[in-house]
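A short write-up of the structure that comes next.
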Amino acid sequence: MRRHALFLSLLLLGCMDFDGLDEEIVLETHVADWRDQVIYQVMIDRFADGDLANNYLVDVSAPARWHGGDWAGLEARLDYLANLGVTALWISPVYRNVETDADVDGYHGYWPQDFTAANPHFGDVKGLRRLVRAAHDRDMLILIDVVTNHIGQLFFYDVNLNGHADEQVRGSGEQSEVFHINEHDPDFDPRGIQSETSLGESGPAPIVFKHDPATNHMPPEPPVLQFAEAYNRRGRTLDFEQPDQLLHGDFPGGLKDLDTTQCFVKDAMVESYARWIELTDADGFRIDTIKHVEREFWRYFTQKVRQRLAAKGKERFFMFGESFDGRDELVGAYTHNDLPSTEQLERENMCVQDGRAITGDQLDGMFEFPQYYQVFRDVFQYGLSTDRIQQLWTRRATRYGTTPTELGTGIPPIETLVNFMDNHDVPRFLFPSTLEGTPDFEGHHLALLFLLTEQGIPCIYYGTEQRFDGGNDPANREDMWLTGYAEDAPTFTWIQKLTGVRKAHSALRRGQQTVVWATSRTGDEEDAGIFAFERVSDDDYALVVLNTHRGHASSPVFQGVPMVIAQPEGTVLVDALAGGTYTVGAGGALSITLEPLTGALLVPQ
Ligand SMILES: [Ca+2]
Ligand SMILES: [Ca+2]
Ligand SMILES: [Ca+2]
């Protein structure tokens, strides 16, 4: 089987045509240090509509339909984003997607049908190339969104062997005790989905690709993905806590799970996604659904992509992953370069065709989901104690990789975690308070101050600067054009100020981080709600002090013990945001009092 598949992969990978675009471009490295970047996440369908000619199947009145945004629209708004101070744009998936399924459209891009073709709603390959070039002209980078775990709802399991898709086989819920099976999306079976005849089970059910050009339910591309062996074929995941289901089950919505241990599947993914970079000169990947794919796949995929791009002149290519999970031991595991067992490694190296053996390297960074829960939600939204932040940061030291990947960014993953307060998969930060009738604009600005000054790469979800407050998907995917892209909006100017100070201070971008005050107290104590941390680089210093308490002014002092910082007595620090100066006292003590939900960003005068 393995040799058979390998042969087919060699035969068919050569046939990828990528829209027939064969004009090569020169790849270059456009980034010096990823820690200097501020990422802005763009859902292309919702950000800007720059080309009415590609608006087919558009219905802006329905939140889960196509809305018409495209790459040309984003290109036309790059000056707005440059003025905001963001430096890297993570754009939603670029490949051709399923148009619509079960009355929901594929506007988000996470239902791949053809990994090698551009999504015609967004433009063509040349349009994407223009966007990347226009971004580079403004010293901005582009990150492409990557899905390798699954394809869209492109086949059904023909359980009853009648050649067509049945919503219900084997009895009905009303008339029979026997549960029914939907051939599009049957429940998980660890043996693989079985076929049935009147005599009972009769082996693995064949998969049958759909053929509906109108909704783009068409056989997947590249062609190697049309082999049954490319899929795990075990049906829909029912319990994500079961490792077999987590890794091998179809994703809810009938998204068919790829067998990412197969060499020809690994190579199809490397080939498809490396090619997008070769066609566009983009600068990095944000990678979807990390925990649903084996670590052996991540080792292979990231190493082969880095080697291939570095050989063509693109270095420091950044790959960060999304594992939608609050457990940092799990999230961090994808940034460790520890090797698997010798037997496992031998097995993995059987996929290698270029003679370069697999090492332990995986991703260069991860989306900081544990921090989303334990800090942005618990502390900044719920008002829980700030020692939670300190506990999370203390655990980081052992959870995340501390050595850079070979041919990677040159920075240890622990310093390039991607921090965020919300994204397209969770309610926006302002949603709960707005729902209760009092939008928490002060808390929002305080959380942004934290996001843009802590160690790591900040990631701002589009519309944050215009105070979008949508709830769960799809309400959190608002149309950006309704704002008029106002550059005088209060949160736009707040972010602009923060990105400006960050740019001016190497300590805030590259400095080491030390907590100087955290507290378990949330009541009427003098330090309730205070959190303070230092960022220190070779030639720069910054001190961030936050009062997360909603009810009263607080100070970093408790029972006569003051906050002590790493600056000598007599040093004058100035608040880069509000003005005002503070002089360091004896022994490095610094006293400061902050009103509720305010913060200070102190730098040397
Ligand atoms: Ca359009
Ligand atoms: Ca059938
Ligand atoms: Ca999987």
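Note on naming: chains are A, B, ... as they come in the structure tokens, residues start from 1 per chain, ligands start from 1 in the order shown.
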Using only C-alpha atoms and all ligand atoms, I'd like a table of the residues in chain A that come within 9 Å of ligand 3; for each, show the closest atom pair and its distance in Å rounded to one decimal, ordered by chain and ascending number, as a tab-separated table.
```
residue	atom	partner	partner_atom_place_in_ligand_line	distance
A:Thr148	CA	ligand 3	1 (Ca)	8.3
A:Asn149	CA	ligand 3	1 (Ca)	4.8
A:His150	CA	ligand 3	1 (Ca)	6.7
A:Tyr231	CA	ligand 3	1 (Ca)	9.0
A:Asn232	CA	ligand 3	1 (Ca)	7.9
A:Gln245	CA	ligand 3	1 (Ca)	8.4
A:Leu246	CA	ligand 3	1 (Ca)	6.9
A:Leu247	CA	ligand 3	1 (Ca)	4.2
A:His248	CA	ligand 3	1 (Ca)	4.6
A:Gly249	CA	ligand 3	1 (Ca)	6.4
A:Asp250	CA	ligand 3	1 (Ca)	7.3
A:Phe251	CA	ligand 3	1 (Ca)	8.0
A:Lys256	CA	ligand 3	1 (Ca)	8.6
A:Asp257	CA	ligand 3	1 (Ca)	5.1
A:Leu258	CA	ligand 3	1 (Ca)	6.0
A:Asp259	CA	ligand 3	1 (Ca)	6.8
A:Thr260	CA	ligand 3	1 (Ca)	6.9
A:Thr289	CA	ligand 3	1 (Ca)	8.4
A:Ile290	CA	ligand 3	1 (Ca)	8.8
A:Lys291	CA	ligand 3	1 (Ca)	8.1
A:His292	CA	ligand 3	1 (Ca)	4.5
A:Val293	CA	ligand 3	1 (Ca)	4.5
A:Glu294	CA	ligand 3	1 (Ca)	7.4
```
* Asked: Within 8 Å of region 558-568 of chain A, counting only C-alpha atoms, which residues qualify if same-chain residues fewer than 3 places away don't, as a PyMOL selection string?
  -> chain A and resi 516-517+526-527+534+571+584-585+587-591
| request: Using only C-alpha atoms and all ligand atoms, find each residue with an atom at most 10 Å away from ligand 1 and format the answer as a ChimeraX atom specification. | output: /A:44-46,48-56,58,66-73,120-123
Check your understanding: Could you name the residues that touch region 331-338 of chain A at 9 Å or less, counting only C-alpha atoms, but leaving out those on the same chain fewer than 3 positions away, as a count of residues only?
Key -> 36
- prompt: ligand 2: which residues are within 9 Å, counting only C-alpha atoms and all ligand atoms, as a PyMOL selection string?
  reply: chain A and resi 156-169+183
(Q) Need to verify the contact set: Asp387 (chain A), 10 Å, only C-alpha atoms, exclusion of same-chain residues closer than 5 positions in sequence. Can you return it as a PyMOL selection string? (A) chain A and resi 375+379+392-393+515+517-521+529-531
What does the file look like for those residues with N, CA, C and O atoms, as a compact mmCIF listing (two decimals), in the first residue's frame?
```txt
# COMPACT_ATOMS: atom_id res chain seq x y z
N VAL A 375 -6.57 34.79 31.30
CA VAL A 375 -6.24 36.20 31.49
C VAL A 375 -7.31 37.12 30.89
O VAL A 375 -7.96 37.88 31.60
N VAL A 379 -9.50 37.45 34.09
CA VAL A 379 -9.04 38.66 34.79
C VAL A 379 -9.69 39.92 34.19
O VAL A 379 -10.31 40.71 34.91
N LEU A 392 0.16 31.76 35.00
CA LEU A 392 0.24 31.35 33.60
C LEU A 392 1.65 31.59 33.05
O LEU A 392 2.23 30.73 32.39
N TRP A 393 2.19 32.76 33.31
CA TRP A 393 3.52 33.10 32.79
C TRP A 393 4.59 32.21 33.42
O TRP A 393 5.57 31.86 32.76
N VAL A 515 7.48 39.73 36.34
CA VAL A 515 6.35 40.25 37.11
C VAL A 515 6.88 40.95 38.35
O VAL A 515 7.71 40.38 39.08
N TRP A 517 4.49 42.86 40.35
CA TRP A 517 3.37 42.87 41.30
C TRP A 517 2.20 42.05 40.73
O TRP A 517 1.80 42.25 39.59
N ALA A 518 1.74 41.11 41.55
CA ALA A 518 0.51 40.39 41.23
C ALA A 518 -0.17 40.14 42.56
O ALA A 518 0.50 40.08 43.60
N THR A 519 -1.47 40.02 42.57
CA THR A 519 -2.17 39.89 43.84
C THR A 519 -3.32 38.90 43.75
O THR A 519 -3.94 38.74 42.69
N SER A 520 -3.59 38.27 44.87
CA SER A 520 -4.75 37.38 44.96
C SER A 520 -5.98 38.15 45.42
O SER A 520 -7.07 37.60 45.49
N ARG A 521 -5.78 39.45 45.74
CA ARG A 521 -6.86 40.22 46.36
C ARG A 521 -7.74 40.93 45.31
O ARG A 521 -7.22 41.51 44.35
N GLY A 529 -6.58 44.08 42.41
CA GLY A 529 -6.66 44.27 40.95
C GLY A 529 -5.38 44.74 40.28
O GLY A 529 -5.32 44.86 39.07
N ILE A 530 -4.31 44.97 41.06
CA ILE A 530 -3.08 45.48 40.46
C ILE A 530 -2.26 44.35 39.82
O ILE A 530 -2.13 43.25 40.37
N PHE A 531 -1.72 44.64 38.65
CA PHE A 531 -0.74 43.76 38.02
C PHE A 531 0.33 44.65 37.41
O PHE A 531 0.02 45.66 36.76
```
With only C-alpha atoms as the counted atoms, please give the residues lying no more than 12 Å from Asp488 (chain A), apart from itself and same-chain residues fewer than 3 positions off, as JSON, numbers by chain. {"A": [80, 83, 84, 465, 466, 483, 484, 485, 491, 492, 493, 494, 495, 496, 497]}
Could you pull out the helix (DSSP H, G or I) residues of region 165-301 of chain A, going by DSSP on the backbone, and write them as an MDAnalysis selection string?
chainID A and resid 213:215 223:226 228:230 243:248 263:280 290:292 295:301
Check your understanding: Got a sec: who's within 9 Å of Lys304 (chain A), counting only C-alpha atoms, leaving out chain neighbours fewer than 2 positions off, as an NGL selection string?
Key -> :A and (267 or 270 or 274 or 299-302 or 306-309 or 356 or 358)
Selected residues written out with C-alpha atoms, as an mmCIF file, in the first residue's frame:
```cif
data_model
loop_
_atom_site.group_PDB
_atom_site.id
_atom_site.type_symbol
_atom_site.label_atom_id
_atom_site.label_comp_id
_atom_site.auth_asym_id
_atom_site.auth_seq_id
_atom_site.Cartn_x
_atom_site.Cartn_y
_atom_site.Cartn_z
ATOM 1 C CA ASP A 267 3.563 15.524 0.505
ATOM 2 C CA VAL A 270 3.699 20.421 1.674
ATOM 3 C CA ALA A 274 4.705 25.747 -0.214
ATOM 4 C CA ARG A 299 7.351 17.620 12.195
ATOM 5 C CA TYR A 300 7.268 16.640 8.523
ATOM 6 C CA PHE A 301 5.165 19.525 7.232
ATOM 7 C CA THR A 302 6.990 22.368 8.999
ATOM 8 C CA ARG A 306 11.126 25.536 5.809
ATOM 9 C CA GLN A 307 13.745 23.620 3.819
ATOM 10 C CA ARG A 308 12.008 24.212 0.524
ATOM 11 C CA LEU A 309 11.423 27.938 1.056
ATOM 12 C CA ARG A 356 17.097 15.042 4.886
ATOM 13 C CA ILE A 358 13.278 14.404 10.219
#
```
For this session: Quick one: everything within 9 Å of region 539-555 of chain A, counting only C-alpha atoms, minus sequence neighbours fewer than 3 positions away in the same chain. Send it as a ChimeraX atom specification.
Result: /A:379-380,383-386,443,446-447,449-450,453-454,505-508,511,517,522-536,558,562-563,565,567,573,591-604
Save the residues we just selected, N, CA and C atoms, as a short mmCIF file (atom, residue, chain, number, x, y, z; two decimals), in the first residue's frame?
```cif
data_model
loop_
_atom_site.label_atom_id
_atom_site.label_comp_id
_atom_site.auth_asym_id
_atom_site.auth_seq_id
_atom_site.Cartn_x
_atom_site.Cartn_y
_atom_site.Cartn_z
N VAL A 379 -9.50 37.45 34.09
CA VAL A 379 -9.04 38.66 34.79
C VAL A 379 -9.69 39.92 34.19
N PHE A 380 -9.55 40.10 32.87
CA PHE A 380 -10.01 41.37 32.27
C PHE A 380 -11.52 41.44 32.07
N GLY A 383 -12.94 39.88 36.18
CA GLY A 383 -12.43 40.55 37.37
C GLY A 383 -11.81 39.62 38.40
N LEU A 384 -11.37 38.42 37.99
CA LEU A 384 -10.70 37.53 38.93
C LEU A 384 -9.28 38.05 39.21
N SER A 385 -8.61 37.45 40.19
CA SER A 385 -7.35 38.02 40.70
C SER A 385 -6.22 37.94 39.68
N THR A 386 -5.31 38.93 39.77
CA THR A 386 -4.26 39.05 38.76
C THR A 386 -3.12 38.04 38.97
N GLY A 443 -12.37 48.66 30.20
CA GLY A 443 -11.72 47.35 30.33
C GLY A 443 -11.11 46.90 29.02
N LEU A 446 -7.89 48.72 28.56
CA LEU A 446 -6.88 48.21 29.49
C LEU A 446 -6.33 46.86 28.98
N ALA A 447 -7.23 46.01 28.49
CA ALA A 447 -6.79 44.71 27.95
C ALA A 447 -5.91 44.92 26.71
N LEU A 449 -3.94 47.49 26.25
CA LEU A 449 -2.64 47.92 26.78
C LEU A 449 -1.80 46.71 27.18
N PHE A 450 -2.43 45.76 27.85
CA PHE A 450 -1.74 44.53 28.24
C PHE A 450 -1.28 43.75 27.00
N THR A 453 1.79 45.18 25.17
CA THR A 453 3.03 45.39 25.91
C THR A 453 3.62 44.11 26.47
N GLU A 454 2.86 43.02 26.53
CA GLU A 454 3.40 41.78 27.08
C GLU A 454 4.29 41.10 26.05
N HIS A 505 10.04 51.38 21.42
CA HIS A 505 10.75 50.78 22.55
C HIS A 505 11.06 49.31 22.31
N SER A 506 12.35 49.04 22.12
CA SER A 506 12.76 47.65 21.89
C SER A 506 12.41 46.77 23.08
N ALA A 507 12.38 47.35 24.29
CA ALA A 507 12.05 46.55 25.48
C ALA A 507 10.66 45.93 25.34
N LEU A 508 9.72 46.67 24.73
CA LEU A 508 8.35 46.17 24.60
C LEU A 508 8.22 45.12 23.50
N GLY A 511 12.21 42.63 24.78
CA GLY A 511 12.74 42.52 26.15
C GLY A 511 12.25 41.29 26.89
N TRP A 517 4.49 42.86 40.35
CA TRP A 517 3.37 42.87 41.30
C TRP A 517 2.20 42.05 40.73
N THR A 522 -9.06 40.88 45.53
CA THR A 522 -10.00 41.49 44.59
C THR A 522 -11.05 42.34 45.31
N GLY A 523 -10.90 42.53 46.62
CA GLY A 523 -11.91 43.24 47.40
C GLY A 523 -11.58 44.71 47.58
N ASP A 524 -11.61 45.19 48.84
CA ASP A 524 -11.35 46.61 49.07
C ASP A 524 -9.91 46.87 49.52
N GLU A 525 -9.03 45.86 49.37
CA GLU A 525 -7.62 46.03 49.77
C GLU A 525 -6.93 47.08 48.89
N GLU A 526 -5.82 47.62 49.38
CA GLU A 526 -5.16 48.73 48.68
C GLU A 526 -4.57 48.31 47.33
N ASP A 527 -4.19 47.00 47.19
CA ASP A 527 -3.59 46.58 45.93
C ASP A 527 -4.53 45.69 45.09
N ALA A 528 -5.80 45.62 45.47
CA ALA A 528 -6.73 44.74 44.74
C ALA A 528 -6.74 45.09 43.26
N GLY A 529 -6.58 44.08 42.41
CA GLY A 529 -6.66 44.27 40.95
C GLY A 529 -5.38 44.74 40.28
N ILE A 530 -4.31 44.97 41.06
CA ILE A 530 -3.08 45.48 40.46
C ILE A 530 -2.26 44.35 39.82
N PHE A 531 -1.72 44.64 38.65
CA PHE A 531 -0.74 43.76 38.02
C PHE A 531 0.33 44.65 37.41
N ALA A 532 1.62 44.30 37.64
CA ALA A 532 2.71 45.11 37.08
C ALA A 532 3.82 44.20 36.60
N PHE A 533 4.40 44.56 35.45
CA PHE A 533 5.52 43.77 34.93
C PHE A 533 6.50 44.68 34.21
N GLU A 534 7.77 44.22 34.22
CA GLU A 534 8.86 44.94 33.55
C GLU A 534 9.20 44.22 32.25
N ARG A 535 9.62 45.01 31.26
CA ARG A 535 10.24 44.45 30.05
C ARG A 535 11.64 45.08 29.97
N VAL A 536 12.65 44.24 29.87
CA VAL A 536 14.03 44.73 29.89
C VAL A 536 14.80 44.17 28.70
N PHE A 558 1.30 46.76 49.78
CA PHE A 558 0.42 46.02 50.69
C PHE A 558 1.07 45.96 52.06
N PRO A 562 6.27 48.04 49.50
CA PRO A 562 6.03 48.65 48.19
C PRO A 562 6.52 47.75 47.04
N MET A 563 6.09 48.12 45.83
CA MET A 563 6.62 47.48 44.63
C MET A 563 8.08 47.90 44.45
N ILE A 565 11.30 47.79 41.69
CA ILE A 565 11.62 47.55 40.28
C ILE A 565 13.14 47.59 40.06
N GLN A 567 15.31 49.43 38.73
CA GLN A 567 15.86 50.72 38.33
C GLN A 567 16.45 51.39 39.58
N LEU A 573 10.90 58.06 35.57
CA LEU A 573 10.15 57.36 34.53
C LEU A 573 8.97 58.23 34.12
N SER A 591 6.14 54.16 43.82
CA SER A 591 4.74 54.26 44.23
C SER A 591 3.93 54.94 43.13
N ILE A 592 2.78 54.36 42.89
CA ILE A 592 1.88 54.87 41.85
C ILE A 592 0.47 54.44 42.21
N THR A 593 -0.49 55.31 41.98
CA THR A 593 -1.90 54.98 42.24
C THR A 593 -2.68 55.11 40.94
N LEU A 594 -3.47 54.09 40.65
CA LEU A 594 -4.21 54.08 39.38
C LEU A 594 -5.71 54.01 39.62
N GLU A 595 -6.44 54.83 38.89
CA GLU A 595 -7.91 54.81 38.94
C GLU A 595 -8.41 53.47 38.41
N PRO A 596 -9.67 53.09 38.70
CA PRO A 596 -10.19 51.80 38.22
C PRO A 596 -10.06 51.67 36.70
N LEU A 597 -9.66 50.49 36.26
CA LEU A 597 -9.56 50.16 34.83
C LEU A 597 -8.68 51.14 34.05
N THR A 598 -7.58 51.55 34.69
CA THR A 598 -6.59 52.34 33.97
C THR A 598 -5.23 51.70 34.15
N GLY A 599 -4.30 52.12 33.30
CA GLY A 599 -2.96 51.58 33.38
C GLY A 599 -1.93 52.64 33.06
N ALA A 600 -0.67 52.33 33.36
CA ALA A 600 0.43 53.24 33.04
C ALA A 600 1.50 52.45 32.31
N LEU A 601 2.14 53.12 31.37
CA LEU A 601 3.22 52.51 30.59
C LEU A 601 4.45 53.41 30.78
N LEU A 602 5.29 53.02 31.75
CA LEU A 602 6.39 53.88 32.18
C LEU A 602 7.69 53.51 31.47
N VAL A 603 8.33 54.53 30.93
CA VAL A 603 9.61 54.33 30.24
C VAL A 603 10.59 55.39 30.73
N PRO A 604 11.90 55.15 30.55
CA PRO A 604 12.89 56.13 31.01
C PRO A 604 12.65 57.49 30.35
#
```
Margin query: DSSP on the backbone, strand (DSSP E) only: what residues of region 314-523 of chain A does that give? Format it as JSON, numbers by chain.
Written below: {"A": [318, 319, 320, 321, 365, 366, 418, 419, 420, 457, 458, 459, 460, 461, 512, 513, 514, 515, 516, 517]}
Please, what distance in Å, to one decimal, runs between CA of Tyr107 (chain A) and CA of Arg138 (chain A)?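 CA of Arg138 (chain A) lies at a distance of 27.5 Å from CA of Tyr107 (chain A).
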